[in-house]
>>> print(open('entry.txt').read())   # compact mmCIF, C-alpha atoms
# COMPACT_ATOMS: atom_id res chain seq x y z
CA MET A 14 0.00 0.00 0.00
CA PRO A 15 1.18 3.57 -0.54
CA GLY A 16 2.76 5.41 2.33
CA HIS A 17 0.91 7.79 4.58
CA GLY A 18 3.04 10.57 3.14
CA GLY A 19 3.91 12.21 6.43
CA PHE A 20 0.38 12.48 7.83
CA GLN A 21 -1.12 14.24 4.82
CA PRO A 22 -4.90 14.27 5.27
CA ALA A 23 -7.37 13.82 2.42
CA PRO A 24 -10.94 14.55 1.08
CA PRO A 25 -14.10 12.87 -0.30
CA MET A 26 -14.89 12.08 -3.95
CA LEU A 27 -17.03 10.84 -6.83
CA SER A 28 -20.19 8.85 -6.79
CA SER A 29 -22.44 6.31 -8.37
CA GLN A 30 -25.56 6.29 -6.23
CA PRO A 31 -28.57 4.09 -5.68
CA PRO A 32 -31.02 4.07 -8.55
CA GLY A 33 -33.76 6.68 -8.47
CA ALA A 34 -31.93 9.91 -7.74
CA THR A 35 -32.57 13.53 -8.51
CA CYS A 36 -29.94 16.05 -9.45
CA PRO A 37 -29.05 18.60 -6.78
CA SER A 38 -29.55 22.26 -7.52
CA SER A 39 -26.58 24.14 -8.89
CA ASP A 40 -25.99 25.90 -5.59
CA ALA A 41 -25.85 22.69 -3.53
CA LEU A 42 -22.68 22.36 -1.49
CA VAL A 43 -22.22 18.70 -2.30
CA THR A 44 -22.90 16.43 -5.21
CA CYS A 45 -22.44 12.79 -6.04
CA VAL A 46 -20.80 11.84 -9.29
CA SER A 47 -21.05 8.52 -11.07
CA TRP A 48 -21.56 10.00 -14.43
CA ASN A 49 -25.19 10.28 -13.46
CA CYS A 50 -26.60 13.31 -11.74
CA LEU A 51 -27.17 12.19 -8.19
CA PRO A 52 -28.70 13.70 -5.07
CA GLY A 53 -26.44 15.99 -3.15
CA SER A 54 -26.53 18.36 -0.22
CA ALA A 55 -24.27 19.48 2.57
CA GLU A 56 -26.30 17.26 4.88
CA LEU A 57 -25.88 14.20 2.65
CA TYR A 58 -22.12 14.65 2.51
CA ALA A 59 -21.91 15.23 6.26
CA ASP A 60 -23.91 12.06 6.90
CA SER A 61 -21.60 10.13 4.57
CA TYR A 62 -18.55 11.57 6.28
CA ASP A 63 -19.86 10.56 9.71
CA LEU A 64 -20.60 7.03 8.52
CA LEU A 65 -17.12 6.55 7.08
CA MET A 66 -15.38 8.13 10.06
CA GLU A 67 -17.25 6.39 12.89
CA PRO A 68 -15.01 3.28 12.84
CA VAL A 69 -11.94 5.52 12.78
CA GLU A 70 -13.09 7.34 15.90
CA ASP A 71 -13.73 3.97 17.57
CA ILE A 72 -10.18 2.85 16.77
CA LEU A 73 -8.76 6.07 18.18
CA ASP A 74 -10.79 5.67 21.39
CA GLU A 75 -9.70 2.05 21.83
CA HIS A 76 -6.00 2.82 21.32
CA GLU A 77 -5.54 6.23 22.92
CA HIS A 78 -3.20 4.65 25.51
CA CYS A 79 -0.88 3.12 22.87
CA GLY A 80 1.47 6.07 22.46
CA TRP A 81 0.50 7.21 18.98
CA GLY A 82 2.62 10.28 18.48
CA ASN A 83 5.54 10.58 16.14
CA PRO A 84 6.06 7.10 14.61
CA LEU A 85 9.79 7.80 14.47
CA ASP A 86 9.75 7.65 18.28
CA LEU A 87 8.42 4.09 18.33
CA THR A 88 10.59 1.12 19.26
CA VAL A 89 12.45 -0.33 16.29
CA LYS A 90 11.96 -4.12 16.14
CA ALA A 91 13.80 -4.85 12.87
CA THR A 92 15.34 -3.14 9.84
CA THR A 93 16.25 -4.12 6.30
CA SER A 94 16.88 -2.57 2.89
CA SER A 95 16.40 -3.45 -0.75
CA SER A 96 17.42 -2.33 -4.21
CA PHE A 97 14.38 -0.02 -4.20
CA GLU A 98 14.26 1.26 -0.61
CA GLU A 99 17.23 1.95 1.64
CA PHE A 100 15.33 2.22 4.91
CA ILE A 101 12.67 -0.40 5.71
CA GLU A 102 11.71 -0.67 9.38
CA MET A 103 9.29 -2.50 11.60
CA ARG A 104 8.39 -0.50 14.69
CA GLU A 105 6.03 -1.20 17.57
CA ASP A 106 3.72 1.01 19.62
CA ASP A 107 3.16 0.78 23.38
CA CYS A 108 0.43 -1.83 22.90
CA GLY A 109 2.52 -4.16 20.72
CA ASN A 110 0.89 -3.12 17.42
CA ARG A 111 3.32 -3.26 14.50
CA VAL A 112 4.07 -0.40 12.09
CA LEU A 113 5.81 -0.90 8.74
CA MET A 114 7.84 2.15 7.71
CA MET A 115 9.72 2.85 4.49
CA GLY A 116 11.97 5.81 3.86
CA GLY A 117 10.91 7.30 7.20
CA PHE A 118 7.20 7.27 6.35
CA LEU A 119 4.50 5.12 7.90
CA GLN A 120 3.34 2.58 5.31
CA CYS A 121 1.11 0.17 7.16
CA HIS A 122 -0.24 0.00 10.71
CA SER A 123 -1.60 -3.32 11.95
CA VAL A 124 -4.49 -1.61 13.74
CA ASP A 125 -6.05 0.22 10.80
CA GLU A 126 -4.72 -1.30 7.55
CA HIS A 127 -8.04 -3.07 6.99
CA LEU A 128 -9.67 0.30 6.21
CA TYR A 129 -7.49 0.70 3.14
CA HIS A 130 -7.29 -2.90 1.98
CA GLU A 131 -11.00 -3.70 2.24
CA MET A 132 -11.80 -0.59 0.19
CA MET A 133 -9.12 -1.56 -2.32
CA VAL A 134 -10.59 -5.00 -3.05
CA HIS A 135 -14.25 -5.40 -2.19
CA PRO A 136 -15.80 -2.45 -4.08
CA ALA A 137 -14.16 -3.67 -7.31
CA PHE A 138 -15.21 -7.27 -6.71
CA THR A 139 -18.74 -6.14 -5.91
CA ALA A 140 -18.90 -4.11 -9.12
CA PHE A 141 -17.79 -7.14 -11.11
CA GLN A 142 -20.36 -9.42 -9.46
CA LEU A 143 -23.16 -6.93 -10.17
CA GLN A 144 -22.16 -6.66 -13.84
CA ALA A 145 -21.25 -10.27 -14.60
CA GLY A 146 -23.77 -12.08 -12.40
CA ARG A 147 -20.98 -14.19 -10.89
CA GLY A 148 -18.08 -13.75 -8.52
CA PRO A 149 -14.67 -12.80 -9.92
CA GLU A 150 -12.42 -15.72 -10.76
CA THR A 151 -9.24 -14.37 -12.38
CA ILE A 152 -7.40 -11.51 -10.70
CA PHE A 153 -4.34 -9.42 -11.51
CA LEU A 154 -2.80 -7.65 -8.53
CA GLY A 155 -0.05 -5.11 -9.15
CA GLY A 156 1.97 -4.25 -6.06
CA SER A 157 0.63 -5.08 -2.57
CA GLY A 158 3.83 -6.89 -1.64
CA ASP A 159 3.12 -6.64 2.09
CA GLY A 160 0.47 -9.36 1.64
CA ALA A 161 -2.69 -7.58 2.79
CA GLY A 162 -4.03 -7.23 -0.77
CA PRO A 163 -3.91 -10.95 -1.58
CA ARG A 164 -5.39 -11.66 1.86
CA GLU A 165 -8.55 -9.73 0.99
CA VAL A 166 -8.69 -11.03 -2.61
CA LEU A 167 -8.50 -14.66 -1.51
CA ARG A 168 -11.39 -14.26 0.92
CA TRP A 169 -13.69 -14.59 -2.10
CA ARG A 170 -14.45 -18.28 -2.68
CA SER A 171 -15.13 -17.59 -6.36
CA VAL A 172 -11.48 -16.66 -7.00
CA ARG A 173 -9.66 -19.40 -8.93
CA ASN A 174 -6.29 -17.77 -9.57
CA VAL A 175 -4.50 -14.56 -8.63
CA THR A 176 -1.41 -13.24 -10.39
CA MET A 177 0.41 -10.83 -8.13
CA VAL A 178 3.34 -8.86 -9.55
CA ASP A 179 5.44 -6.79 -7.16
CA ILE A 180 8.89 -5.42 -7.85
CA ASP A 181 10.37 -5.70 -4.35
CA TYR A 182 10.30 -9.16 -2.77
CA GLU A 183 12.26 -7.93 0.25
CA VAL A 184 9.16 -6.06 1.45
CA THR A 185 7.20 -9.32 1.19
CA ARG A 186 9.85 -11.33 3.04
CA PHE A 187 10.21 -8.69 5.75
CA SER A 188 6.43 -8.38 6.26
CA LEU A 189 6.03 -12.14 6.45
CA GLU A 190 8.66 -12.30 9.17
CA TRP A 191 7.64 -9.30 11.25
CA MET A 192 3.94 -8.70 10.51
CA PRO A 193 2.52 -12.06 9.35
CA THR A 194 -1.03 -10.98 10.20
CA LEU A 195 -0.96 -8.77 7.08
CA SER A 196 -0.97 -11.72 4.70
CA ASN A 197 -2.71 -14.12 7.12
CA GLY A 198 -1.41 -17.17 5.27
CA SER A 199 -2.36 -15.93 1.79
CA PHE A 200 1.09 -16.67 0.35
CA LYS A 201 0.49 -20.37 1.08
CA ASP A 202 -2.78 -20.41 -0.88
CA PRO A 203 -2.32 -22.41 -4.11
CA ARG A 204 -4.55 -19.95 -5.97
CA LEU A 205 -1.90 -17.23 -5.61
CA LYS A 206 1.02 -16.92 -8.04
CA VAL A 207 3.65 -14.37 -6.96
CA VAL A 208 5.92 -12.81 -9.58
CA THR A 209 8.80 -10.52 -8.65
CA GLY A 210 9.10 -7.98 -11.41
CA ASP A 211 7.70 -4.93 -13.17
CA ALA A 212 3.90 -5.01 -13.50
CA MET A 213 3.88 -3.04 -16.74
CA ALA A 214 6.47 -5.29 -18.38
CA PHE A 215 4.57 -8.36 -17.21
CA LEU A 216 1.30 -7.20 -18.78
CA GLN A 217 3.09 -6.20 -21.99
CA GLU A 218 4.43 -9.73 -22.35
CA LEU A 219 1.07 -11.43 -21.77
CA PRO A 220 -0.81 -12.68 -24.83
CA GLU A 221 -3.41 -10.07 -25.75
CA GLU A 222 -6.23 -12.59 -25.39
CA THR A 223 -5.40 -13.04 -21.67
CA ALA A 224 -8.11 -11.17 -19.78
CA PHE A 225 -8.75 -10.81 -16.05
CA ASP A 226 -12.06 -10.32 -14.29
CA VAL A 227 -10.58 -7.72 -11.93
CA LEU A 228 -7.27 -5.86 -12.08
CA ILE A 229 -6.10 -4.03 -8.94
CA MET A 230 -3.17 -1.61 -9.03
CA ASP A 231 -1.79 -0.91 -5.57
CA PHE A 232 1.32 1.11 -6.37
CA PRO A 233 3.08 3.81 -4.33
CA ASP A 234 1.99 7.37 -4.97
CA VAL A 235 3.29 8.77 -8.24
CA ALA A 236 4.80 11.69 -6.33
CA ASP A 237 7.16 9.28 -4.56
CA SER A 238 9.25 8.68 -7.70
CA GLN A 239 9.33 9.75 -11.34
CA VAL A 240 9.90 6.08 -12.19
CA LEU A 241 6.33 5.40 -11.03
CA GLU A 242 4.78 7.84 -13.50
CA LYS A 243 4.50 5.15 -16.18
CA LEU A 244 2.18 3.15 -13.89
CA TYR A 245 -0.32 6.02 -13.88
CA SER A 246 -0.01 6.93 -17.54
CA GLU A 247 -2.52 6.75 -20.38
CA ASP A 248 -0.34 4.06 -22.00
CA PHE A 249 -0.53 1.92 -18.89
CA TYR A 250 -4.31 2.19 -18.67
CA ARG A 251 -4.59 1.24 -22.34
CA LEU A 252 -2.42 -1.78 -21.55
CA CYS A 253 -4.76 -2.71 -18.71
CA ARG A 254 -7.76 -2.33 -21.02
CA ARG A 255 -6.20 -4.83 -23.45
CA HIS A 256 -6.44 -7.42 -20.68
CA MET A 257 -10.07 -6.74 -19.79
CA HIS A 258 -13.31 -8.21 -21.12
CA ALA A 259 -16.71 -6.52 -21.26
CA ALA A 260 -17.47 -6.99 -17.55
CA SER A 261 -13.96 -6.49 -16.17
CA VAL A 262 -13.20 -3.90 -13.50
CA LEU A 263 -9.95 -2.00 -13.02
CA ALA A 264 -9.29 -0.65 -9.51
CA VAL A 265 -6.51 1.91 -9.14
CA GLN A 266 -5.02 3.40 -5.99
CA THR A 267 -5.29 7.06 -6.96
CA GLY A 268 -3.62 8.80 -4.06
CA PRO A 269 -4.34 10.75 -0.90
CA CYS A 270 -6.68 13.69 -0.53
CA SER A 271 -6.05 16.67 1.72
CA GLN A 272 -8.30 18.87 3.83
CA THR A 273 -10.95 16.18 4.20
CA THR A 274 -13.14 17.52 6.96
CA ARG A 275 -16.84 17.32 7.71
CA ALA A 276 -17.34 20.62 5.87
CA GLY A 277 -15.25 19.38 2.95
CA TYR A 278 -15.18 22.60 0.94
CA LYS A 279 -11.35 22.61 0.85
CA ALA A 280 -11.06 18.93 -0.08
CA ARG A 281 -8.48 18.32 -2.76
CA CYS A 282 -6.93 15.21 -4.31
CA GLN A 283 -3.92 16.58 -6.12
CA MET A 284 -2.50 13.35 -7.52
CA LEU A 285 -5.91 12.19 -8.71
CA GLN A 286 -7.01 15.51 -10.16
CA GLN A 287 -3.80 16.59 -11.85
CA SER A 288 -2.41 13.40 -13.35
CA ILE A 289 -4.38 10.20 -12.86
CA LEU A 290 -8.05 10.87 -13.56
CA PRO A 291 -7.41 12.73 -16.84
CA ASN A 292 -5.49 9.68 -18.11
CA ILE A 293 -8.17 7.23 -16.99
CA ALA A 294 -10.85 9.34 -18.69
CA LYS A 295 -9.01 9.06 -22.01
CA VAL A 296 -9.28 5.26 -21.92
CA PHE A 297 -12.47 4.28 -20.10
CA GLN A 298 -16.10 5.16 -20.67
CA GLU A 299 -17.07 4.70 -17.04
CA ALA A 300 -15.17 5.55 -13.89
CA GLU A 301 -16.08 6.34 -10.32
CA VAL A 302 -13.98 7.52 -7.42
CA LEU A 303 -14.35 6.31 -3.86
CA LEU A 304 -13.00 8.42 -1.04
CA HIS A 305 -12.50 6.98 2.43
CA PRO A 306 -10.40 7.29 5.60
CA MET A 307 -7.09 5.53 5.14
CA ALA A 308 -5.33 5.86 8.46
CA THR A 309 -6.05 6.60 12.10
CA TRP A 310 -2.49 7.56 13.04
CA LYS A 311 -2.20 11.27 13.82
CA VAL A 312 0.31 13.35 15.76
CA ASP A 313 -2.66 15.20 17.26
CA ARG A 314 -6.22 13.87 17.31
CA LYS A 315 -7.54 17.32 16.37
CA PHE A 316 -5.89 16.98 12.94
CA PRO A 317 -8.05 15.65 10.07
CA SER A 318 -7.62 11.94 9.47
CA GLU A 319 -5.78 10.95 6.32
CA TRP A 320 -8.06 9.94 3.45
CA SER A 321 -7.33 7.96 0.31
CA SER A 322 -8.99 7.46 -3.06
CA PHE A 323 -9.60 4.49 -5.32
CA THR A 324 -10.91 4.78 -8.85
CA LEU A 325 -12.93 1.98 -10.45
CA ALA A 326 -12.84 1.97 -14.26
CA ARG A 327 -15.20 -0.14 -16.38
CA LEU A 328 -16.03 -0.75 -20.02
CA SER A 329 -19.72 -1.15 -19.24
CA SER A 330 -22.03 1.83 -18.63
CA GLU A 331 -24.48 -0.29 -16.61
CA GLU A 332 -25.73 1.40 -13.45
CA LEU A 333 -24.92 -0.69 -10.38
CA ASP A 334 -26.85 -1.01 -7.14
CA TYR A 335 -24.17 -1.29 -4.47
CA SER A 336 -26.78 -1.61 -1.74
CA ARG A 337 -26.95 -5.28 -2.78
CA GLU A 338 -24.20 -6.69 -0.59
CA VAL A 339 -23.34 -9.51 -2.97
CA TRP A 340 -20.00 -10.05 -1.24
CA ARG A 341 -21.89 -11.88 1.49
CA GLU A 342 -22.49 -14.71 -0.99
CA HIS A 343 -18.77 -15.25 -1.40
CA ILE A 344 -17.11 -14.52 1.94
CA ASP A 345 -17.37 -16.40 5.22
CA GLY A 346 -17.85 -14.11 8.19
CA GLU A 347 -18.00 -10.35 8.27
CA LEU A 348 -15.80 -7.63 6.83
CA ARG A 349 -14.43 -5.18 9.36
CA TYR A 350 -15.09 -1.97 7.40
CA TYR A 351 -16.56 -2.27 3.89
CA SER A 352 -20.32 -2.46 3.38
CA GLY A 353 -22.84 -1.45 0.74
CA GLU A 354 -23.73 1.57 2.85
CA LYS A 355 -20.10 2.68 3.08
CA HIS A 356 -19.67 2.11 -0.66
CA TRP A 357 -22.38 4.68 -1.37
CA ALA A 358 -21.00 7.01 1.27
CA ALA A 359 -17.53 6.87 -0.31
CA LEU A 360 -19.09 8.02 -3.59
CA ASN A 361 -20.46 11.25 -2.10
CA HIS A 362 -18.17 14.23 -2.60
CA PRO A 363 -18.28 17.85 -1.54
CA LEU A 364 -18.13 20.82 -3.84
CA PRO A 365 -16.07 22.14 -5.46
CA LEU A 366 -14.17 18.83 -5.62
CA ALA A 367 -17.09 16.89 -7.12
CA ASN A 368 -17.59 19.43 -9.90
CA HIS A 369 -13.93 19.29 -10.83
CA LEU A 370 -13.97 15.50 -10.97
CA ARG A 371 -17.03 15.58 -13.21
CA GLU A 372 -15.29 18.03 -15.53
CA LEU A 373 -12.20 15.81 -15.71
CA LEU A 374 -14.37 12.88 -16.73
CA ARG A 375 -16.34 14.99 -19.19
CA LYS A 376 -19.61 13.59 -17.87
CA PRO A 377 -22.41 16.18 -17.90
CA PRO A 378 -25.47 15.74 -15.68
CA LYS A 379 -28.39 13.87 -17.19
CA PRO A 380 -31.25 15.99 -18.57
CA LYS A 381 -34.14 16.67 -16.21
CA ALA A 382 -36.37 14.26 -18.10
CA ALA A 383 -34.06 11.40 -17.21
CA ARG A 384 -34.08 12.10 -13.52
CA ALA A 385 -36.05 9.90 -11.17
CA ALA A 386 -37.47 10.63 -7.78
CA ASN A 387 -35.14 11.50 -4.96
CA SER A 388 -33.90 8.60 -2.83
CA GLU A 389 -32.09 8.42 0.43
CA LEU A 390 -28.51 7.22 0.84
>>> encode(input="entry.txt", output="structure tokens")
Amino acid sequence: MPGHGGFQPAPPMLSSQPPGATCPSSDALVTCVSWNCLPGSAELYADSYDLLMEPVEDILDEHEHCGWGNPLDLTVKATTSSSFEEFIEMREDDCGNRVLMMGGFLQCHSVDEHLYHEMMVHPAFTAFQLQAGRGPETIFLGGSGDGAGPREVLRWRSVRNVTMVDIDYEVTRFSLEWMPTLSNGSFKDPRLKVVTGDAMAFLQELPEETAFDVLIMDFPDVADSQVLEKLYSEDFYRLCRRHMHAASVLAVQTGPCSQTTRAGYKARCQMLQQSILPNIAKVFQEAEVLLHPMATWKVDRKFPSEWSSFTLARLSSEELDYSREVWREHIDGELRYYSGEKHWAALNHPLPLANHLRELLRKPPKPKAARAANSEL
């Protein structure tokens, strides 16, 4: 997963909402964007924010005695390095929770990583199930070397094979040794094939007829290195499209968002808005952005929590009803964070962010004649 970028907070985003929605008035403070015109109001966004943040507040309450201050002050349990990262550390808080750090930045915290990884996998799998009428079977996973991505992917009983390509095996080895709960045994699952290498080169070498049901790209933020720019380029998304069929879904980690507060009017997702979404829009007819809390770790609890974004790109323009929690048909037990309700909430975005995202995707609101009656979130 991408690093927390030095406690940078983040905002809410795009939306594909339950069927039967009216378009908000032009002076509404919030709108939903799914390439349909969806209901929006300051109250709707605030309710969505509260729903997404409630589990974060619970985590903070439960761990306020664990010494969450500057992660660089935590006890170092182990260190390593690789050809791609000089400083890789495993640290531990006062309660024994492990923290993976790379280059001095917090990458993964055992207490809250499920927020990010459940939102990375299950919305995309749900979208595929709703389109295809079956659970996803063939998966491509780019990055996610710490093991939490394949853990969530392999929870779906429908999955037959997963091809995971990550460039730095040392991160995998180190995480397996010092934070094995991240992968939870997924690397022993015979459905998982792990390839150490460049994801773009791997896809380029695949026969063009090889298609995946779901492709998930969990790469570090493009701002971390110019070398990563190719993995967020128009060429890369066209390469992904070559390995998709009509019902396939592409899920892309599209970076953090700043100034994500309950008011939301300053919310901004620089990486998404400036470089990634314009490239996705050149390749895919349909895309929707989910915004959600990514991390609970804060130097001061009064600071906004860090938020992250995922973009789902599809070839189909079919409207999807995410309130149907189809994942329950494929997973034993409960998820800790993701739900149909949170999926809709993550698709509600405040203005002016939502308007800018709609402009980037060149998706005008539907005409009034096409609008249905208003519906609740």
>>> residues_around(input="entry.txt", residues="A:Thr209", least_positions_apart="6", cutoff="10 Å", atoms="all atoms listed in the file", output="list in words")
Gly156, Gly158, Met177, Val178, Asp179, Ile180, Asp181, Tyr182, Glu183 and Phe215 of chain A
>>> closest_residue(input="entry.txt", among="A:Asp125, A:Asp159, A:Glu165, A:Asp71", to="A:Ile101", atoms="all atoms listed in the file")
A:Asp159
>>> atom_distance(input="entry.txt", atom1="atom CA of A:Ser271", atom2="atom CA of A:Glu319")
7.3 Å
>>> closest_residue(input="entry.txt", among="A:Gln120, A:Met132, A:Arg314, A:Tyr335", to="A:Pro233", atoms="all atoms listed in the file")
A:Gln120
>>> closest_residue(input="entry.txt", among="A:Ile229, A:Phe97, A:Val69, A:Trp357", to="A:Leu241", atoms="all atoms listed in the file")
A:Phe97
>>> residues_around(input="entry.txt", residues="A:Met66", least_positions_apart="5", cutoff="9 Å", atoms="only C-alpha atoms", output="ChimeraX atom specification")
/A:61,71,305-306,318
>>> residues_near_point(input="entry.txt", point="(-16.9, -12.1, -9.1)", cutoff="9 Å", atoms="only C-alpha atoms", output="ChimeraX atom specification")
/A:138-151,169,171-172,226-227,340,343
>>> atom_distance(input="entry.txt", atom1="atom CA of A:Pro68", atom2="atom CA of A:Lys355")
11.0 Å
>>> residues_near_point(input="entry.txt", point="(10.3, 5.4, 8.2)", cutoff="7 Å", atoms="all atoms listed in the file", output="compact mmCIF listing (two decimals) with C-alpha atoms, in the frame of the given file")
# COMPACT_ATOMS: atom_id res chain seq x y z
CA LEU A 85 9.79 7.80 14.47
CA PHE A 100 15.33 2.22 4.91
CA ILE A 101 12.67 -0.40 5.71
CA GLU A 102 11.71 -0.67 9.38
CA MET A 114 7.84 2.15 7.71
CA MET A 115 9.72 2.85 4.49
CA GLY A 116 11.97 5.81 3.86
CA GLY A 117 10.91 7.30 7.20
CA PHE A 118 7.20 7.27 6.35
CA LEU A 119 4.50 5.12 7.90
>>> residues_around(input="entry.txt", residues="A:Ala59", least_positions_apart="2", cutoff="10 Å", atoms="all atoms listed in the file", output="ChimeraX atom specification")
/A:43,54-57,61-65,274-277,358,361-363
>>> closest_residue(input="entry.txt", among="A:Met103, A:Leu252, A:Val302, A:Leu370", to="A:Phe187", atoms="only C-alpha atoms")
A:Met103
>>> residues_around(input="entry.txt", residues="A:Pro203", least_positions_apart="3", cutoff="10 Å", atoms="all atoms listed in the file", output="PyMOL selection string")
chain A and resi 173-175+199-200+206
>>> closest_residue(input="entry.txt", among="A:Asn292, A:Lys311, A:His369, A:Ile344", to="A:Leu167", atoms="all atoms listed in the file")
A:Ile344
>>> atom_distance(input="entry.txt", atom1="atom CA of A:Tyr58", atom2="atom CA of A:Ile289")
23.9 Å
>>> closest_residue(input="entry.txt", among="A:Val89, A:Ser288, A:Phe323, A:Ala259", to="A:Glu242", atoms="only C-alpha atoms")
A:Ser288
>>> residues_around(input="entry.txt", residues="A:Leu219", least_positions_apart="5", cutoff="10 Å", atoms="all atoms listed in the file", output="JSON, numbers by chain")
{"A": [214, 224, 255, 256]}
>>> decode(input="entry.txt", residues="stretch 298-320 of chain A", atoms="N, CA and C atoms", output="PDB file, in the first residue's frame")
ATOM      1  N   GLN A 298     -14.807   4.483 -20.557  1.00  0.00           N
ATOM      2  CA  GLN A 298     -16.096   5.159 -20.674  1.00  0.00           C
ATOM      3  C   GLN A 298     -16.683   5.453 -19.305  1.00  0.00           C
ATOM      4  N   GLU A 299     -16.471   4.557 -18.366  1.00  0.00           N
ATOM      5  CA  GLU A 299     -17.067   4.696 -17.043  1.00  0.00           C
ATOM      6  C   GLU A 299     -15.973   4.658 -15.979  1.00  0.00           C
ATOM      7  N   ALA A 300     -16.070   5.554 -15.026  1.00  0.00           N
ATOM      8  CA  ALA A 300     -15.166   5.554 -13.888  1.00  0.00           C
ATOM      9  C   ALA A 300     -15.870   6.180 -12.709  1.00  0.00           C
ATOM     10  N   GLU A 301     -15.514   5.740 -11.522  1.00  0.00           N
ATOM     11  CA  GLU A 301     -16.078   6.339 -10.319  1.00  0.00           C
ATOM     12  C   GLU A 301     -15.014   6.310  -9.233  1.00  0.00           C
ATOM     13  N   VAL A 302     -14.997   7.354  -8.441  1.00  0.00           N
ATOM     14  CA  VAL A 302     -13.978   7.521  -7.420  1.00  0.00           C
ATOM     15  C   VAL A 302     -14.587   7.341  -6.042  1.00  0.00           C
ATOM     16  N   LEU A 303     -13.941   6.517  -5.247  1.00  0.00           N
ATOM     17  CA  LEU A 303     -14.353   6.313  -3.863  1.00  0.00           C
ATOM     18  C   LEU A 303     -13.342   6.998  -2.960  1.00  0.00           C
ATOM     19  N   LEU A 304     -13.850   7.743  -2.006  1.00  0.00           N
ATOM     20  CA  LEU A 304     -12.996   8.418  -1.041  1.00  0.00           C
ATOM     21  C   LEU A 304     -13.310   7.889   0.352  1.00  0.00           C
ATOM     22  N   HIS A 305     -12.276   7.590   1.117  1.00  0.00           N
ATOM     23  CA  HIS A 305     -12.498   6.980   2.431  1.00  0.00           C
ATOM     24  C   HIS A 305     -11.320   7.255   3.351  1.00  0.00           C
ATOM     25  N   PRO A 306     -11.526   7.154   4.667  1.00  0.00           N
ATOM     26  CA  PRO A 306     -10.404   7.290   5.599  1.00  0.00           C
ATOM     27  C   PRO A 306      -9.400   6.170   5.343  1.00  0.00           C
ATOM     28  N   MET A 307      -8.131   6.515   5.393  1.00  0.00           N
ATOM     29  CA  MET A 307      -7.093   5.528   5.141  1.00  0.00           C
ATOM     30  C   MET A 307      -6.360   5.149   6.414  1.00  0.00           C
ATOM     31  N   ALA A 308      -6.174   6.109   7.300  1.00  0.00           N
ATOM     32  CA  ALA A 308      -5.331   5.860   8.461  1.00  0.00           C
ATOM     33  C   ALA A 308      -5.866   6.583   9.682  1.00  0.00           C
ATOM     34  N   THR A 309      -5.639   5.988  10.852  1.00  0.00           N
ATOM     35  CA  THR A 309      -6.051   6.602  12.103  1.00  0.00           C
ATOM     36  C   THR A 309      -4.887   7.304  12.782  1.00  0.00           C
ATOM     37  N   TRP A 310      -3.657   7.021  12.358  1.00  0.00           N
ATOM     38  CA  TRP A 310      -2.490   7.559  13.042  1.00  0.00           C
ATOM     39  C   TRP A 310      -2.384   9.068  12.805  1.00  0.00           C
ATOM     40  N   LYS A 311      -2.333   9.818  13.915  1.00  0.00           N
ATOM     41  CA  LYS A 311      -2.196  11.266  13.822  1.00  0.00           C
ATOM     42  C   LYS A 311      -1.315  11.746  14.965  1.00  0.00           C
ATOM     43  N   VAL A 312      -0.504  12.758  14.705  1.00  0.00           N
ATOM     44  CA  VAL A 312       0.306  13.351  15.764  1.00  0.00           C
ATOM     45  C   VAL A 312      -0.604  13.981  16.815  1.00  0.00           C
ATOM     46  N   ASP A 313      -1.693  14.561  16.367  1.00  0.00           N
ATOM     47  CA  ASP A 313      -2.660  15.205  17.257  1.00  0.00           C
ATOM     48  C   ASP A 313      -4.049  14.800  16.780  1.00  0.00           C
ATOM     49  N   ARG A 314      -4.896  14.356  17.694  1.00  0.00           N
ATOM     50  CA  ARG A 314      -6.217  13.874  17.308  1.00  0.00           C
ATOM     51  C   ARG A 314      -7.073  14.965  16.679  1.00  0.00           C
ATOM     52  N   LYS A 315      -6.756  16.224  16.946  1.00  0.00           N
ATOM     53  CA  LYS A 315      -7.542  17.320  16.365  1.00  0.00           C
ATOM     54  C   LYS A 315      -7.285  17.471  14.867  1.00  0.00           C
ATOM     55  N   PHE A 316      -6.184  16.897  14.372  1.00  0.00           N
ATOM     56  CA  PHE A 316      -5.890  16.980  12.942  1.00  0.00           C
ATOM     57  C   PHE A 316      -6.881  16.127  12.154  1.00  0.00           C
ATOM     58  N   PRO A 317      -7.196  16.515  10.914  1.00  0.00           N
ATOM     59  CA  PRO A 317      -8.047  15.654  10.075  1.00  0.00           C
ATOM     60  C   PRO A 317      -7.382  14.310   9.829  1.00  0.00           C
ATOM     61  N   SER A 318      -8.164  13.251   9.795  1.00  0.00           N
ATOM     62  CA  SER A 318      -7.621  11.943   9.470  1.00  0.00           C
ATOM     63  C   SER A 318      -7.191  11.912   8.010  1.00  0.00           C
ATOM     64  N   GLU A 319      -6.216  11.081   7.699  1.00  0.00           N
ATOM     65  CA  GLU A 319      -5.779  10.951   6.315  1.00  0.00           C
ATOM     66  C   GLU A 319      -6.804  10.148   5.525  1.00  0.00           C
ATOM     67  N   TRP A 320      -7.111  10.611   4.328  1.00  0.00           N
ATOM     68  CA  TRP A 320      -8.056   9.939   3.452  1.00  0.00           C
ATOM     69  C   TRP A 320      -7.352   9.504   2.178  1.00  0.00           C
TER      70      TRP A 320
END
